[in-house]
Amino acid sequence: MDNALRKKFFEQLDHEISFLIDQKTGLVKNAYTQKINCPLCEAKPHQHDLLFKKNGFKFVRCMKCCLIFTNPQIRQDIIESVYEDSLSASIWSELQQSPEEETEVQEKSPTNISEKHRHNAKELAALCKR
């Protein structure tokens, strides 16, 4: 794992996100957000209960279907403009292509995991047949 590049990515991401946050409220600035209906059942925003606030977002629970989601949400045009000009996105891409990350991904691939645990899988299969 490339810890130095990961640290650089998260520092840059925090910096980019800080521009979206209202320093007085600690929430994403209203100019960047829109209230939405429940993505599952379409219940209106007045039918959502506030659960908690975290990282600039309000997490709500729909009173009709109990889905938990953030509301309001960042507008699509804001998301696109942030990603378009995002240095953190470039760092993330670089990170994913780094030799350290590629090695870790290969080590955790299903093929390698199954090779490492083939014996345990056979034992588990035998137990399931009993």
# chains A, B, ... in the order shown; residues from 1 in each chain; ligands from 1
$ closest_atom_pairs --of "range 2-54 of chain A" --to "range 61-74 of chain A" --cutoff "8 Å" --atoms "only C-alpha atoms" --output "Markdown table"
| residue | atom | partner | partner_atom | distance |
| --- | --- | --- | --- | --- |
| A:Val28 | CA | A:Ile74 | CA | 7.8 |
| A:Tyr32 | CA | A:Ile74 | CA | 5.7 |
| A:Thr33 | CA | A:Ile74 | CA | 4.3 |
| A:Gln34 | CA | A:Pro72 | CA | 5.2 |
| A:Lys35 | CA | A:Pro72 | CA | 4.2 |
| A:Ile36 | CA | A:Pro72 | CA | 6.4 |
| A:Cys38 | CA | A:Cys62 | CA | 6.5 |
| A:Leu40 | CA | A:Leu67 | CA | 7.2 |
| A:Cys41 | CA | A:Cys65 | CA | 6.6 |
| A:Ala43 | CA | A:Lys64 | CA | 6.9 |
| A:Pro45 | CA | A:Asn71 | CA | 7.9 |
| A:Gln47 | CA | A:Met63 | CA | 5.6 |
| A:His48 | CA | A:Cys62 | CA | 4.5 |
| A:Asp49 | CA | A:Arg61 | CA | 5.2 |
| A:Leu50 | CA | A:Arg61 | CA | 6.6 |
| A:Leu51 | CA | A:Arg61 | CA | 6.7 |
$ closest_residue --among "A:Phe57, A:Phe9, A:Asn37, A:Trp92" --to "Asp22 in chain A" --atoms "only C-alpha atoms"
A:Phe57
$ atom_distance --atom1 "CA of Lys58 in chain A" --atom2 "CA of Leu27 in chain A"
7.8 Å
$ select_by_dssp --residues "range 63-92 of chain A" --states "helix (DSSP H, G or I)" --output "VMD selection string"
chain A and resid 76 to 84 87 to 92
$ select_by_dssp --residues "range 3-83 of chain A" --states "strand (DSSP E or B)" --output "PyMOL selection string"
chain A and resi 21+28+33-34+48-54+57-62+68-70+73-74
$ write_last_selection --atoms "N, CA, C and O atoms" --output "mmCIF file, in the first residue's frame"
data_model
loop_
_atom_site.group_PDB
_atom_site.id
_atom_site.type_symbol
_atom_site.label_atom_id
_atom_site.label_comp_id
_atom_site.auth_asym_id
_atom_site.auth_seq_id
_atom_site.Cartn_x
_atom_site.Cartn_y
_atom_site.Cartn_z
ATOM 1 N N ILE A 21 -18.035 23.676 2.557
ATOM 2 C CA ILE A 21 -18.611 23.707 3.906
ATOM 3 C C ILE A 21 -18.766 25.135 4.413
ATOM 4 O O ILE A 21 -17.852 25.947 4.325
ATOM 5 N N VAL A 28 -22.690 21.553 4.415
ATOM 6 C CA VAL A 28 -22.462 21.965 3.033
ATOM 7 C C VAL A 28 -23.281 23.232 2.786
ATOM 8 O O VAL A 28 -24.441 23.327 3.222
ATOM 9 N N THR A 33 -26.554 22.838 -2.567
ATOM 10 C CA THR A 33 -27.377 21.661 -2.275
ATOM 11 C C THR A 33 -28.791 21.777 -2.834
ATOM 12 O O THR A 33 -29.235 22.858 -3.228
ATOM 13 N N GLN A 34 -29.461 20.646 -2.837
ATOM 14 C CA GLN A 34 -30.884 20.600 -3.158
ATOM 15 C C GLN A 34 -31.535 19.526 -2.299
ATOM 16 O O GLN A 34 -30.948 18.487 -2.041
ATOM 17 N N HIS A 48 -39.149 13.201 6.432
ATOM 18 C CA HIS A 48 -37.840 12.647 6.801
ATOM 19 C C HIS A 48 -37.488 13.124 8.201
ATOM 20 O O HIS A 48 -37.665 14.283 8.533
ATOM 21 N N ASP A 49 -36.971 12.223 9.024
ATOM 22 C CA ASP A 49 -36.498 12.568 10.367
ATOM 23 C C ASP A 49 -34.983 12.724 10.343
ATOM 24 O O ASP A 49 -34.281 11.845 9.821
ATOM 25 N N LEU A 50 -34.475 13.808 10.918
ATOM 26 C CA LEU A 50 -33.032 14.012 11.042
ATOM 27 C C LEU A 50 -32.474 13.023 12.053
ATOM 28 O O LEU A 50 -32.965 12.923 13.176
ATOM 29 N N LEU A 51 -31.463 12.269 11.649
ATOM 30 C CA LEU A 51 -30.809 11.323 12.553
ATOM 31 C C LEU A 51 -29.555 11.927 13.167
ATOM 32 O O LEU A 51 -29.374 11.912 14.377
ATOM 33 N N PHE A 52 -28.654 12.437 12.285
ATOM 34 C CA PHE A 52 -27.418 13.036 12.769
ATOM 35 C C PHE A 52 -26.778 13.838 11.649
ATOM 36 O O PHE A 52 -27.189 13.763 10.492
ATOM 37 N N LYS A 53 -25.754 14.598 12.016
ATOM 38 C CA LYS A 53 -24.975 15.384 11.056
ATOM 39 C C LYS A 53 -23.538 14.875 11.098
ATOM 40 O O LYS A 53 -23.006 14.634 12.181
ATOM 41 N N LYS A 54 -22.952 14.703 9.915
ATOM 42 C CA LYS A 54 -21.574 14.212 9.863
ATOM 43 C C LYS A 54 -20.914 14.711 8.584
ATOM 44 O O LYS A 54 -21.505 14.640 7.511
ATOM 45 N N PHE A 57 -22.912 16.863 6.247
ATOM 46 C CA PHE A 57 -24.175 16.356 5.714
ATOM 47 C C PHE A 57 -25.154 16.016 6.826
ATOM 48 O O PHE A 57 -24.763 15.596 7.909
ATOM 49 N N LYS A 58 -26.443 16.180 6.517
ATOM 50 C CA LYS A 58 -27.514 15.735 7.400
ATOM 51 C C LYS A 58 -27.964 14.357 6.934
ATOM 52 O O LYS A 58 -28.308 14.170 5.767
ATOM 53 N N PHE A 59 -27.957 13.409 7.856
ATOM 54 C CA PHE A 59 -28.431 12.062 7.560
ATOM 55 C C PHE A 59 -29.857 11.952 8.086
ATOM 56 O O PHE A 59 -30.119 12.265 9.255
ATOM 57 N N VAL A 60 -30.763 11.535 7.213
ATOM 58 C CA VAL A 60 -32.176 11.459 7.567
ATOM 59 C C VAL A 60 -32.704 10.040 7.354
ATOM 60 O O VAL A 60 -32.116 9.252 6.605
ATOM 61 N N ARG A 61 -33.829 9.746 8.018
ATOM 62 C CA ARG A 61 -34.526 8.473 7.814
ATOM 63 C C ARG A 61 -35.919 8.795 7.281
ATOM 64 O O ARG A 61 -36.624 9.625 7.853
ATOM 65 N N CYS A 62 -36.269 8.150 6.198
ATOM 66 C CA CYS A 62 -37.607 8.310 5.635
ATOM 67 C C CYS A 62 -38.614 7.686 6.598
ATOM 68 O O CYS A 62 -38.451 6.541 7.013
ATOM 69 N N ILE A 68 -32.257 5.304 5.013
ATOM 70 C CA ILE A 68 -31.389 6.346 5.562
ATOM 71 C C ILE A 68 -30.535 6.889 4.422
ATOM 72 O O ILE A 68 -29.918 6.122 3.680
ATOM 73 N N PHE A 69 -30.500 8.224 4.282
ATOM 74 C CA PHE A 69 -29.739 8.871 3.218
ATOM 75 C C PHE A 69 -29.430 10.304 3.633
ATOM 76 O O PHE A 69 -29.877 10.761 4.688
ATOM 77 N N THR A 70 -28.635 10.996 2.843
ATOM 78 C CA THR A 70 -28.331 12.392 3.140
ATOM 79 C C THR A 70 -29.337 13.286 2.423
ATOM 80 O O THR A 70 -29.724 13.032 1.286
ATOM 81 N N GLN A 73 -28.796 17.094 -0.641
ATOM 82 C CA GLN A 73 -27.630 16.520 -1.306
ATOM 83 C C GLN A 73 -26.967 17.562 -2.189
ATOM 84 O O GLN A 73 -27.596 18.534 -2.607
ATOM 85 N N ILE A 74 -25.688 17.332 -2.477
ATOM 86 C CA ILE A 74 -24.954 18.249 -3.354
ATOM 87 C C ILE A 74 -25.542 18.149 -4.760
ATOM 88 O O ILE A 74 -25.775 17.045 -5.261
#
